[in-house]
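Below is the file start09.cif, which contains mmCIF, C-alpha atoms.
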data_start
#
loop_
_atom_site.label_atom_id
_atom_site.label_comp_id
_atom_site.auth_asym_id
_atom_site.auth_seq_id
_atom_site.Cartn_x
_atom_site.Cartn_y
_atom_site.Cartn_z
CA MET S 42 30.17 21.26 165.55
CA ALA S 43 26.78 22.88 165.83
CA LEU S 44 23.82 20.68 164.92
CA ASN S 45 21.14 22.07 162.68
CA TYR S 46 17.56 20.93 162.42
CA PRO S 47 16.28 22.36 159.17
CA ASN S 48 12.50 22.81 158.88
CA ARG S 49 12.11 22.02 162.53
CA LYS S 50 11.65 24.37 165.43
CA PRO S 51 14.70 24.15 167.68
CA ILE S 52 14.30 22.46 171.04
CA VAL S 53 14.68 25.21 173.61
CA HIS S 54 17.32 24.55 176.23
CA LYS S 55 17.82 27.02 179.00
CA GLU S 56 21.57 27.03 178.65
CA ALA S 57 23.11 29.72 176.53
CA ASN S 58 24.50 28.73 173.13
CA LYS S 59 22.28 25.71 172.77
CA ALA S 60 19.11 27.79 172.94
CA ASN S 61 19.57 29.44 169.59
CA LEU S 62 20.35 26.50 167.35
CA GLY S 63 18.59 26.90 164.06
CA MET S 64 17.32 30.38 164.84
CA ASP S 65 18.23 33.02 162.30
CA LEU S 66 19.76 36.36 163.16
CA GLU S 67 16.63 38.38 162.40
CA THR S 68 14.49 36.23 164.70
CA MET S 69 17.09 36.48 167.46
CA ILE S 70 17.23 40.27 167.20
CA ASN S 71 13.45 40.58 167.02
CA GLU S 72 13.06 38.43 170.13
CA SER S 73 15.69 40.48 171.95
CA ASN S 74 13.90 43.69 170.98
CA GLU S 75 10.62 42.25 172.25
CA TYR S 76 12.33 41.46 175.53
CA TYR S 77 13.77 44.99 175.73
CA LEU S 78 10.34 46.46 174.98
CA ASN S 79 8.41 44.29 177.45
CA ASN S 80 10.92 45.05 180.17
CA ASP S 81 10.95 48.75 179.42
CA ILE S 82 14.63 48.75 178.58
CA ALA S 83 14.49 50.15 175.04
CA VAL S 84 12.09 50.71 172.14
CA ILE S 85 13.75 49.27 169.04
CA HIS S 86 11.86 47.83 166.06
CA LYS S 87 12.67 46.25 162.75
CA LYS S 88 11.35 48.31 159.87
CA PRO S 89 8.97 46.45 157.58
CA THR S 90 10.35 45.28 154.22
CA PRO S 91 9.48 48.02 151.75
CA VAL S 92 7.22 46.86 148.93
CA GLN S 93 5.69 48.71 146.01
CA ILE S 94 2.02 47.73 146.00
CA VAL S 95 0.53 47.66 142.50
CA LYS S 96 -2.76 45.75 142.72
CA VAL S 97 -5.13 45.13 145.59
CA ASP S 98 -8.29 42.99 145.50
CA TYR S 99 -11.16 43.48 147.90
CA PRO S 100 -13.04 40.17 147.98
CA MET S 101 -16.49 40.27 149.58
CA ARG S 102 -16.56 39.51 153.30
CA SER S 103 -12.82 39.16 153.58
CA LYS S 104 -9.85 41.45 153.98
CA ALA S 105 -7.96 43.17 151.18
CA VAL S 106 -5.53 40.95 149.26
CA ILE S 107 -2.46 42.46 147.64
CA THR S 108 -2.15 40.57 144.33
CA GLU S 109 0.75 42.39 142.74
CA ALA S 110 3.66 43.97 144.54
CA TYR S 111 7.43 44.27 144.18
CA TYR S 112 10.31 44.48 146.60
CA LYS S 113 11.84 47.94 146.83
CA THR S 114 15.39 48.80 147.83
CA PRO S 115 15.33 50.09 151.41
CA SER S 116 16.81 53.55 151.87
CA THR S 117 17.79 53.00 155.48
CA THR S 118 18.98 50.24 157.78
CA ASP S 119 16.67 47.57 159.19
CA TYR S 120 16.54 48.56 162.84
CA ASN S 121 16.17 51.77 164.78
CA GLY S 122 14.83 53.05 168.05
CA ILE S 123 15.64 54.65 171.36
CA TYR S 124 17.76 53.47 174.29
CA LYS S 125 18.57 55.57 177.37
CA GLY S 126 17.55 58.71 175.51
CA LYS S 127 19.85 57.89 172.58
CA TYR S 128 18.85 57.27 168.99
CA ILE S 129 20.08 53.81 167.96
CA ASP S 130 20.37 52.59 164.37
CA PHE S 131 21.85 49.40 162.97
CA GLU S 132 21.93 46.85 160.23
CA ALA S 133 22.13 43.09 160.82
CA LYS S 134 24.06 40.77 158.50
CA GLU S 135 24.77 37.06 158.39
CA ASN S 136 28.14 35.92 157.13
CA HIS S 137 28.56 32.38 155.83
CA ASN S 138 32.28 32.65 155.16
CA LYS S 139 35.10 31.49 157.37
CA THR S 140 37.85 34.04 156.94
CA ALA S 141 36.30 37.36 155.93
CA PHE S 142 33.05 39.30 155.75
CA PRO S 143 32.44 40.47 152.14
CA LEU S 144 31.60 44.17 151.86
CA ALA S 145 29.13 43.27 149.10
CA ASN S 146 26.77 42.32 151.96
CA ILE S 147 26.42 45.99 152.81
CA HIS S 148 24.49 48.33 150.51
CA PRO S 149 25.95 51.79 149.84
CA HIS S 150 22.77 53.54 151.07
CA GLN S 151 23.11 51.74 154.41
CA MET S 152 26.59 53.18 154.85
CA THR S 153 25.40 56.65 153.87
CA HIS S 154 22.48 56.36 156.28
CA LEU S 155 24.64 55.24 159.23
CA LYS S 156 27.13 57.99 158.53
CA SER S 157 24.48 60.70 158.73
CA ILE S 158 22.96 59.14 161.86
CA ILE S 159 26.30 59.49 163.62
CA LYS S 160 26.75 63.01 162.31
CA HIS S 161 23.42 63.95 163.90
CA GLY S 162 24.42 62.50 167.27
CA GLY S 163 23.02 58.98 167.07
CA ILE S 164 24.60 55.59 167.65
CA GLY S 165 25.18 53.56 164.49
CA PHE S 166 26.65 50.09 164.02
CA LEU S 167 26.30 46.69 162.38
CA ILE S 168 25.59 43.35 163.97
CA VAL S 169 27.39 40.63 162.06
CA CYS S 170 26.71 36.95 162.66
CA TRP S 171 29.48 34.50 161.75
CA ASN S 172 27.36 31.42 161.13
CA LYS S 173 30.33 29.06 160.92
CA TYR S 174 31.48 30.03 164.41
CA ASN S 175 28.12 30.85 165.96
CA GLU S 176 29.53 34.25 166.90
CA TYR S 177 27.82 37.63 166.90
CA TYR S 178 29.73 40.88 166.77
CA LEU S 179 28.82 44.51 167.15
CA MET S 180 30.90 46.33 164.55
CA PRO S 181 31.07 50.12 165.08
CA TYR S 182 30.22 52.02 161.91
CA GLU S 183 33.70 53.55 161.89
CA VAL S 184 35.37 50.15 161.46
CA ALA S 185 33.10 49.31 158.53
CA GLU S 186 33.73 52.73 157.03
CA ARG S 187 37.51 52.31 157.08
CA PHE S 188 37.30 49.10 155.04
CA TRP S 189 34.53 50.51 152.84
CA ASP S 190 36.61 53.56 151.92
CA ALA S 191 39.74 51.45 151.37
CA ALA S 192 37.77 49.16 149.07
CA TYR S 193 35.84 51.69 147.04
CA LYS S 194 38.07 54.75 147.16
CA ASN S 195 41.48 53.08 147.07
CA ASP S 196 40.44 49.86 145.35
CA GLU S 197 41.79 47.69 148.16
CA ARG S 198 40.34 44.38 149.43
CA LYS S 199 36.54 44.08 149.33
CA SER S 200 36.11 42.30 152.63
CA ILE S 201 36.80 42.63 156.34
CA PRO S 202 39.05 39.88 157.79
CA TYR S 203 37.86 37.77 160.72
CA ASP S 204 40.83 39.04 162.65
CA VAL S 205 39.44 42.59 162.57
CA PHE S 206 36.26 41.34 164.22
CA LYS S 207 38.29 39.73 166.97
CA LYS S 208 40.36 42.85 167.55
CA GLU S 209 38.17 45.84 166.80
CA CYS S 210 34.60 44.59 167.17
CA TYR S 211 32.71 43.44 170.24
CA LEU S 212 31.42 39.94 170.86
CA ILE S 213 27.74 39.89 171.82
CA SER S 214 26.83 37.29 174.40
CA GLU S 215 24.11 34.82 173.52
CA GLY S 216 21.58 33.82 176.08
CA TYR S 217 18.02 32.88 176.78
CA LEU S 218 16.45 36.23 177.67
CA PRO S 219 17.37 38.24 175.75
CA ARG S 220 18.70 36.02 172.98
CA LEU S 221 21.34 38.55 171.98
CA ASN S 222 22.11 41.10 174.62
CA TYR S 223 23.53 43.66 172.22
CA LEU S 224 22.53 46.62 174.38
CA LYS S 225 25.01 45.45 177.00
CA VAL S 226 27.69 45.99 174.36
CA VAL S 227 26.17 49.37 173.46
CA ASP S 228 26.51 50.32 177.14
CA LYS S 229 30.18 49.42 177.11
CA VAL S 230 31.14 50.88 173.73
CA TYR S 231 28.99 54.00 173.54
CA LEU S 232 27.76 54.83 177.02
CA ASN S 233 30.95 54.07 178.99
CA LYS S 234 29.29 51.63 181.33
CA MET L 158 -12.27 78.40 149.83
CA ALA L 159 -9.45 76.12 148.76
CA LEU L 160 -9.70 74.70 145.27
CA ASN L 161 -8.95 71.06 144.73
CA TYR L 162 -7.82 69.42 141.51
CA PRO L 163 -8.41 65.73 141.96
CA ASN L 164 -6.33 63.38 139.79
CA ARG L 165 -4.16 66.24 138.67
CA LYS L 166 -0.76 67.25 139.85
CA PRO L 167 -1.05 70.60 141.57
CA ILE L 168 0.41 73.63 139.82
CA VAL L 169 3.36 74.67 141.95
CA HIS L 170 3.22 78.29 143.06
CA LYS L 171 6.04 79.66 145.13
CA GLU L 172 3.71 81.33 147.60
CA ALA L 173 2.87 79.41 150.71
CA ASN L 174 -0.63 77.96 151.01
CA LYS L 175 -1.18 77.81 147.30
CA ALA L 176 1.77 75.49 146.77
CA ASN L 177 0.24 72.49 148.42
CA LEU L 178 -3.21 72.35 146.88
CA GLY L 179 -4.19 68.79 146.24
CA MET L 180 -1.12 67.35 147.94
CA ASP L 181 -1.86 64.88 150.68
CA LEU L 182 -0.33 65.04 154.14
CA GLU L 183 1.92 62.03 153.65
CA THR L 184 3.44 63.47 150.47
CA MET L 185 3.98 66.81 152.16
CA ILE L 186 5.75 65.22 155.12
CA ASN L 187 7.83 62.96 152.89
CA GLU L 188 8.94 65.94 150.81
CA SER L 189 9.79 67.88 153.95
CA ASN L 190 11.84 64.95 155.26
CA GLU L 191 13.66 64.75 151.94
CA TYR L 192 14.47 68.43 152.24
CA TYR L 193 15.70 67.95 155.82
CA LEU L 194 17.84 65.00 154.72
CA ASN L 195 19.33 66.68 151.66
CA ASN L 196 20.17 69.76 153.68
CA ASP L 197 21.64 67.76 156.54
CA ILE L 198 19.09 69.09 159.02
CA ALA L 199 17.60 65.80 160.22
CA VAL L 200 17.29 62.13 159.26
CA ILE L 201 13.60 61.24 159.47
CA HIS L 202 11.92 58.55 157.36
CA LYS L 203 8.46 57.10 156.93
CA LYS L 204 8.37 53.44 157.80
CA PRO L 205 7.16 51.18 155.02
CA THR L 206 3.61 49.84 155.27
CA PRO L 207 3.90 46.44 156.94
CA VAL L 208 2.65 43.57 154.79
CA GLN L 209 2.54 39.84 155.37
CA ILE L 210 3.99 38.27 152.24
CA VAL L 211 2.45 34.88 151.46
CA LYS L 212 3.35 34.05 147.85
CA VAL L 213 6.19 35.21 145.63
CA ASP L 214 6.69 34.29 141.97
CA TYR L 215 10.07 34.39 140.28
CA PRO L 216 9.37 34.77 136.57
CA MET L 217 12.33 34.10 134.26
CA ARG L 218 14.41 37.14 133.38
CA SER L 219 12.40 39.48 135.56
CA LYS L 220 12.28 40.45 139.19
CA ALA L 221 10.34 38.68 141.92
CA VAL L 222 6.60 39.39 141.98
CA ILE L 223 4.67 39.21 145.22
CA THR L 224 1.34 37.64 144.23
CA GLU L 225 -0.31 37.25 147.61
CA ALA L 226 0.15 39.52 150.59
CA TYR L 227 -1.94 41.12 153.32
CA TYR L 228 -1.80 44.39 155.19
CA LYS L 229 -0.64 44.03 158.77
CA THR L 230 -1.45 46.34 161.66
CA PRO L 231 1.61 48.49 162.35
CA SER L 232 2.94 48.26 165.90
CA THR L 233 4.50 51.71 165.86
CA THR L 234 3.93 55.15 164.40
CA ASP L 235 4.66 56.03 160.79
CA TYR L 236 7.67 58.31 161.20
CA ASN L 237 10.83 58.33 163.24
CA GLY L 238 14.37 59.58 163.10
CA ILE L 239 16.95 61.86 164.61
CA TYR L 240 17.11 65.65 164.91
CA LYS L 241 19.79 67.58 166.81
CA GLY L 242 20.78 64.42 168.63
CA LYS L 243 17.20 63.74 169.71
CA TYR L 244 15.06 60.74 168.83
CA ILE L 245 11.88 61.98 167.10
CA ASP L 246 8.73 59.91 166.63
CA PHE L 247 5.33 60.90 165.28
CA GLU L 248 2.14 59.86 163.62
CA ALA L 249 0.41 61.90 160.89
CA LYS L 250 -3.37 62.08 160.57
CA GLU L 251 -5.78 63.83 158.26
CA ASN L 252 -9.03 65.11 159.69
CA HIS L 253 -11.98 65.74 157.38
CA ASN L 254 -14.30 67.11 160.06
CA LYS L 255 -14.99 70.74 160.90
CA THR L 256 -15.39 70.85 164.65
CA ALA L 257 -13.47 67.96 166.19
CA PHE L 258 -10.80 65.32 165.55
CA PRO L 259 -12.21 61.82 166.25
CA LEU L 260 -9.98 59.72 168.50
CA ALA L 261 -10.94 56.70 166.41
CA ASN L 262 -8.31 57.99 163.95
CA ILE L 263 -5.59 57.00 166.42
CA HIS L 264 -4.82 53.34 167.09
CA PRO L 265 -4.24 52.23 170.69
CA HIS L 266 -0.80 50.79 169.86
CA GLN L 267 0.26 54.19 168.47
CA MET L 268 -0.55 55.83 171.81
CA THR L 269 1.29 53.10 173.70
CA HIS L 270 4.29 53.47 171.42
CA LEU L 271 4.46 57.27 171.78
CA LYS L 272 4.12 57.00 175.54
CA SER L 273 7.11 54.69 175.82
CA ILE L 274 9.15 56.83 173.43
CA ILE L 275 8.69 59.79 175.77
CA LYS L 276 9.44 57.66 178.79
CA HIS L 277 12.79 56.73 177.21
CA GLY L 278 13.69 60.35 176.54
CA GLY L 279 12.45 60.83 172.98
CA ILE L 280 10.18 63.45 171.42
CA GLY L 281 6.72 62.16 170.51
CA PHE L 282 3.79 63.96 168.89
CA LEU L 283 1.11 63.87 166.22
CA ILE L 284 0.76 66.01 163.13
CA VAL L 285 -2.90 66.60 162.39
CA CYS L 286 -4.09 68.12 159.14
CA TRP L 287 -7.48 69.86 159.19
CA ASN L 288 -8.39 69.48 155.52
CA LYS L 289 -11.37 71.82 155.73
CA TYR L 290 -9.20 74.68 156.96
CA ASN L 291 -5.93 73.75 155.26
CA GLU L 292 -4.27 73.87 158.68
CA TYR L 293 -1.55 71.62 160.09
CA TYR L 294 -0.94 71.27 163.82
CA LEU L 295 1.72 69.65 165.91
CA MET L 296 -0.14 68.08 168.82
CA PRO L 297 2.13 67.08 171.73
CA TYR L 298 1.50 63.50 172.83
CA GLU L 299 0.42 64.74 176.26
CA VAL L 300 -2.57 66.62 174.82
CA ALA L 301 -3.70 63.54 172.90
CA GLU L 302 -3.22 61.41 175.99
CA ARG L 303 -5.46 63.61 178.14
CA PHE L 304 -8.37 63.22 175.74
CA TRP L 305 -7.58 59.55 175.13
CA ASP L 306 -7.69 58.76 178.84
CA ALA L 307 -10.86 60.82 179.35
CA ALA L 308 -12.52 58.94 176.49
CA TYR L 309 -11.46 55.41 177.28
CA LYS L 310 -10.97 55.47 181.03
CA ASN L 311 -13.78 57.86 182.01
CA ASP L 312 -16.05 57.28 179.04
CA GLU L 313 -16.08 60.96 178.09
CA ARG L 314 -16.18 62.44 174.56
CA LYS L 315 -14.38 60.48 171.85
CA SER L 316 -12.91 63.43 170.01
CA ILE L 317 -10.68 66.48 170.45
CA PRO L 318 -12.41 69.81 169.76
CA TYR L 319 -10.94 72.22 167.20
CA ASP L 320 -10.63 74.76 169.97
CA VAL L 321 -8.04 72.58 171.73
CA PHE L 322 -5.90 72.62 168.60
CA LYS L 323 -6.04 76.41 168.53
CA LYS L 324 -5.13 76.73 172.20
CA GLU L 325 -2.85 73.81 173.05
CA CYS L 326 -1.36 72.70 169.75
CA TYR L 327 1.08 74.44 167.43
CA LEU L 328 0.31 75.60 163.91
CA ILE L 329 2.91 74.40 161.40
CA SER L 330 3.69 76.88 158.68
CA GLU L 331 3.29 75.74 155.11
CA GLY L 332 5.81 76.72 152.52
CA TYR L 333 7.70 75.75 149.45
CA LEU L 334 10.89 74.27 150.87
CA PRO L 335 10.19 72.52 153.11
CA ARG L 336 6.49 72.01 152.51
CA LEU L 337 5.74 71.66 156.19
CA ASN L 338 8.41 73.05 158.44
CA TYR L 339 7.43 70.98 161.46
CA LEU L 340 10.96 70.94 162.88
CA LYS L 341 10.71 74.68 163.44
CA VAL L 342 7.82 73.89 165.77
CA VAL L 343 9.84 71.09 167.39
CA ASP L 344 12.57 73.67 168.07
CA LYS L 345 10.09 75.94 169.80
CA VAL L 346 8.14 73.34 171.76
CA TYR L 347 10.83 70.83 172.71
CA LEU L 348 14.21 72.47 172.29
CA ASN L 349 13.39 75.93 173.68
CA LYS L 350 14.54 77.77 170.61
#
Written form, structure tokens:
Amino acid sequence: MALNYPNRKPIVHKEANKANLGMDLETMINESNEYYLNNDIAVIHKKPTPVQIVKVDYPMRSKAVITEAYYKTPSTTDYNGIYKGKYIDFEAKENHNKTAFPLANIHPHQMTHLKSIIKHGGIGFLIVCWNKYNEYYLMPYEVAERFWDAAYKNDERKSIPYDVFKKECYLISEGYLPRLNYLKVVDKVYLNK
Amino acid sequence: MALNYPNRKPIVHKEANKANLGMDLETMINESNEYYLNNDIAVIHKKPTPVQIVKVDYPMRSKAVITEAYYKTPSTTDYNGIYKGKYIDFEAKENHNKTAFPLANIHPHQMTHLKSIIKHGGIGFLIVCWNKYNEYYLMPYEVAERFWDAAYKNDERKSIPYDVFKKECYLISEGYLPRLNYLKVVDKVYLNK
């Protein structure tokens, strides 16, 4: 069983799998993207959380303080960028369940966005973390779409079984640098390497 | 001379040039991107302004209110997306001067970001609005870079003369739909159309 140290920074071991204890998916992806950027492998960034700024104070001698703002619904996915000349776009999701990934985790506008990215020649997918198993999968948009359409067009099940991840998605290896080498999977799945 | 109507929504004429009176560059680009998206021409979005959220209140029966937050320096440009299979990335700037565009308007990290985008096979440029002339130019990154390097490596002038825009940049036509048809210029400059 994986040990968790809440409210504490994880002790960094150099071995894979132990290194990432307690680190959330967003941090792992951000660190991987930093590694890709610093090593000139890819330029991929997380988009800032969109907020509607209502009030800003300008106190003397100090920087502007936003004193009233609200979260807005994002109209796109969280991550995009460029890799080997290709436009890359994805959404990252954590799943706390054991047997299936609920489709309610995905927003309709994220599906619409990924669909049009692919239509325009880009690479679109999801990265899903199964917290219970400490596993990370790249799920091609097309797999998500099949279950999405079954659920919302044909009123079928509203989740994707674990088994589908094992059979139709791609396990991303965890490591030290980068934390999550998801571009290695992109190479294999989309660039035939 | 162009008339401005501050604090009023502009009256929408169908003729070009008159249509955009009083509309700022960001709004014009956002509306153009919406047009491109709705007509399935390209998927290009403005990134949200990055803020560091410090305090959030959760009042009963209403949505979360951010009560303390600060502006962060963005590490990338404002706009990116995909067009005809190509990764597109640009920064938009308004210039209120008559004879030159001050390089101080561009942040160093924006130049670094655009440089690496091009290195990885993407299309990178700036859109500069000359408010005094009601003119909009696509400036290829390479033109900006030449002046940037001259200014900060060789300590030469810290601005780009208007003349350079006329000779080495590309005028973007204003219209009704889209407001600023900058992808037409991208076709010409980068896609040989």
Could you give me, as a ChimeraX atom specification, the residues within 9 Å of Tyr231 in chain S, counting all atoms listed in the file and dropping anything in the same chain fewer than 4 positions from it? /S:164,226-227
Give the residues of chain S that lie within 6 Å of chain L; count all atoms listed in the file, and format the answer as a PyMOL selection string. chain S and resi 89+91+106-111+125-126+128+161-162
Shell of 8 Å around range 135-146 of chain S, all atoms listed in the file, local chain residues under 2 positions omitted, as a ChimeraX atom specification: /S:66,133,148,169-173,189,199-203
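Shortest separation to Asn291 in chain L among L:Val346, L:Leu334, L:Leu328, L:Ile186 occurs at residue L:Leu328, atoms counted being all atoms listed in the file.
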Post-fit chain S coords, all in-order Cα pairs vs chain L, as a compact mmCIF listing (two decimals) with C-alpha atoms, in the frame of the given file:
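Writing the result to out-v3.txt gives the following:
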# COMPACT_ATOMS: atom_id res chain seq x y z
CA MET S 42 -12.39 78.30 149.48
CA ALA S 43 -9.53 76.08 148.45
CA LEU S 44 -9.70 74.69 144.92
CA ASN S 45 -8.98 71.05 144.36
CA TYR S 46 -7.83 69.41 141.17
CA PRO S 47 -8.51 65.72 141.62
CA ASN S 48 -6.43 63.33 139.50
CA ARG S 49 -4.25 66.18 138.40
CA LYS S 50 -0.85 67.20 139.67
CA PRO S 51 -1.14 70.59 141.35
CA ILE S 52 0.38 73.57 139.59
CA VAL S 53 3.32 74.62 141.73
CA HIS S 54 3.26 78.25 142.79
CA LYS S 55 6.12 79.63 144.78
CA GLU S 56 3.88 81.34 147.28
CA ALA S 57 3.08 79.50 150.45
CA ASN S 58 -0.42 78.07 150.85
CA LYS S 59 -1.06 77.81 147.15
CA ALA S 60 1.86 75.45 146.62
CA ASN S 61 0.30 72.52 148.39
CA LEU S 62 -3.15 72.40 146.85
CA GLY S 63 -4.15 68.84 146.22
CA MET S 64 -1.11 67.39 147.94
CA ASP S 65 -1.86 64.92 150.70
CA LEU S 66 -0.35 65.06 154.15
CA GLU S 67 1.91 62.04 153.67
CA THR S 68 3.43 63.48 150.49
CA MET S 69 3.97 66.84 152.20
CA ILE S 70 5.73 65.22 155.15
CA ASN S 71 7.81 62.97 152.92
CA GLU S 72 8.92 65.95 150.83
CA SER S 73 9.78 67.90 153.98
CA ASN S 74 11.81 64.96 155.28
CA GLU S 75 13.65 64.75 151.96
CA TYR S 76 14.46 68.44 152.26
CA TYR S 77 15.68 67.96 155.84
CA LEU S 78 17.82 65.00 154.75
CA ASN S 79 19.33 66.70 151.68
CA ASN S 80 20.16 69.77 153.72
CA ASP S 81 21.61 67.77 156.57
CA ILE S 82 19.08 69.08 159.04
CA ALA S 83 17.58 65.79 160.24
CA VAL S 84 17.27 62.12 159.28
CA ILE S 85 13.58 61.23 159.50
CA HIS S 86 11.88 58.56 157.38
CA LYS S 87 8.44 57.11 156.96
CA LYS S 88 8.36 53.44 157.83
CA PRO S 89 7.15 51.19 155.03
CA THR S 90 3.59 49.85 155.29
CA PRO S 91 3.89 46.46 156.94
CA VAL S 92 2.65 43.60 154.78
CA GLN S 93 2.54 39.86 155.36
CA ILE S 94 3.99 38.30 152.22
CA VAL S 95 2.46 34.91 151.43
CA LYS S 96 3.36 34.09 147.82
CA VAL S 97 6.19 35.24 145.60
CA ASP S 98 6.70 34.34 141.92
CA TYR S 99 10.08 34.44 140.24
CA PRO S 100 9.39 34.81 136.52
CA MET S 101 12.34 34.15 134.22
CA ARG S 102 14.42 37.21 133.35
CA SER S 103 12.40 39.54 135.52
CA LYS S 104 12.28 40.51 139.16
CA ALA S 105 10.34 38.72 141.89
CA VAL S 106 6.59 39.43 141.95
CA ILE S 107 4.68 39.24 145.21
CA THR S 108 1.34 37.66 144.22
CA GLU S 109 -0.29 37.28 147.60
CA ALA S 110 0.16 39.55 150.57
CA TYR S 111 -1.95 41.15 153.30
CA TYR S 112 -1.80 44.41 155.18
CA LYS S 113 -0.64 44.03 158.77
CA THR S 114 -1.44 46.32 161.68
CA PRO S 115 1.62 48.48 162.36
CA SER S 116 2.96 48.24 165.90
CA THR S 117 4.50 51.69 165.88
CA THR S 118 3.90 55.14 164.43
CA ASP S 119 4.66 56.03 160.82
CA TYR S 120 7.64 58.32 161.23
CA ASN S 121 10.81 58.32 163.26
CA GLY S 122 14.36 59.57 163.12
CA ILE S 123 16.94 61.86 164.63
CA TYR S 124 17.09 65.65 164.93
CA LYS S 125 19.78 67.57 166.83
CA GLY S 126 20.78 64.39 168.65
CA LYS S 127 17.19 63.73 169.74
CA TYR S 128 15.04 60.74 168.86
CA ILE S 129 11.87 61.98 167.14
CA ASP S 130 8.72 59.91 166.66
CA PHE S 131 5.31 60.89 165.33
CA GLU S 132 2.12 59.87 163.66
CA ALA S 133 0.41 61.90 160.92
CA LYS S 134 -3.38 62.09 160.61
CA GLU S 135 -5.80 63.84 158.29
CA ASN S 136 -9.04 65.12 159.74
CA HIS S 137 -12.00 65.76 157.44
CA ASN S 138 -14.30 67.11 160.13
CA LYS S 139 -14.98 70.72 160.96
CA THR S 140 -15.39 70.85 164.71
CA ALA S 141 -13.46 67.96 166.26
CA PHE S 142 -10.80 65.35 165.59
CA PRO S 143 -12.22 61.85 166.32
CA LEU S 144 -9.99 59.74 168.57
CA ALA S 145 -10.94 56.71 166.46
CA ASN S 146 -8.30 57.99 164.00
CA ILE S 147 -5.61 57.00 166.47
CA HIS S 148 -4.84 53.33 167.11
CA PRO S 149 -4.23 52.24 170.72
CA HIS S 150 -0.78 50.79 169.86
CA GLN S 151 0.27 54.19 168.50
CA MET S 152 -0.55 55.80 171.84
CA THR S 153 1.29 53.07 173.73
CA HIS S 154 4.28 53.45 171.43
CA LEU S 155 4.46 57.25 171.81
CA LYS S 156 4.12 56.96 175.56
CA SER S 157 7.11 54.65 175.84
CA ILE S 158 9.15 56.81 173.45
CA ILE S 159 8.69 59.76 175.79
CA LYS S 160 9.46 57.63 178.82
CA HIS S 161 12.79 56.70 177.23
CA GLY S 162 13.69 60.33 176.57
CA GLY S 163 12.45 60.83 173.02
CA ILE S 164 10.18 63.43 171.47
CA GLY S 165 6.72 62.16 170.54
CA PHE S 166 3.78 63.95 168.93
CA LEU S 167 1.09 63.86 166.26
CA ILE S 168 0.75 66.00 163.18
CA VAL S 169 -2.91 66.58 162.45
CA CYS S 170 -4.11 68.12 159.19
CA TRP S 171 -7.49 69.86 159.23
CA ASN S 172 -8.39 69.49 155.57
CA LYS S 173 -11.38 71.83 155.76
CA TYR S 174 -9.20 74.68 157.01
CA ASN S 175 -5.94 73.75 155.31
CA GLU S 176 -4.28 73.86 158.73
CA TYR S 177 -1.57 71.63 160.14
CA TYR S 178 -0.96 71.26 163.85
CA LEU S 179 1.71 69.64 165.95
CA MET S 180 -0.15 68.07 168.86
CA PRO S 181 2.11 67.07 171.78
CA TYR S 182 1.50 63.48 172.87
CA GLU S 183 0.43 64.71 176.31
CA VAL S 184 -2.56 66.60 174.88
CA ALA S 185 -3.70 63.53 172.96
CA GLU S 186 -3.21 61.39 176.04
CA ARG S 187 -5.43 63.59 178.20
CA PHE S 188 -8.36 63.20 175.79
CA TRP S 189 -7.56 59.53 175.18
CA ASP S 190 -7.67 58.74 178.90
CA ALA S 191 -10.83 60.81 179.41
CA ALA S 192 -12.49 58.94 176.56
CA TYR S 193 -11.44 55.39 177.33
CA LYS S 194 -10.94 55.46 181.08
CA ASN S 195 -13.72 57.85 182.07
CA ASP S 196 -15.99 57.27 179.09
CA GLU S 197 -16.03 60.95 178.15
CA ARG S 198 -16.17 62.44 174.63
CA LYS S 199 -14.35 60.48 171.91
CA SER S 200 -12.90 63.44 170.07
CA ILE S 201 -10.67 66.46 170.52
CA PRO S 202 -12.39 69.82 169.83
CA TYR S 203 -10.95 72.23 167.26
CA ASP S 204 -10.61 74.75 170.04
CA VAL S 205 -8.03 72.56 171.79
CA PHE S 206 -5.90 72.61 168.66
CA LYS S 207 -6.04 76.39 168.59
CA LYS S 208 -5.12 76.69 172.25
CA GLU S 209 -2.85 73.79 173.11
CA CYS S 210 -1.35 72.68 169.81
CA TYR S 211 1.07 74.44 167.49
CA LEU S 212 0.31 75.60 163.97
CA ILE S 213 2.90 74.40 161.45
CA SER S 214 3.70 76.89 158.73
CA GLU S 215 3.28 75.76 155.15
CA GLY S 216 5.79 76.74 152.56
CA TYR S 217 7.66 75.76 149.47
CA LEU S 218 10.87 74.28 150.89
CA PRO S 219 10.18 72.53 153.14
CA ARG S 220 6.47 72.02 152.53
CA LEU S 221 5.74 71.67 156.23
CA ASN S 222 8.41 73.06 158.47
CA TYR S 223 7.43 71.00 161.49
CA LEU S 224 10.95 70.93 162.91
CA LYS S 225 10.71 74.67 163.48
CA VAL S 226 7.82 73.89 165.83
CA VAL S 227 9.84 71.08 167.43
CA ASP S 228 12.57 73.65 168.12
CA LYS S 229 10.10 75.92 169.85
CA VAL S 230 8.15 73.31 171.81
CA TYR S 231 10.83 70.81 172.76
CA LEU S 232 14.21 72.45 172.33
CA ASN S 233 13.38 75.92 173.72
CA LYS S 234 14.52 77.76 170.64
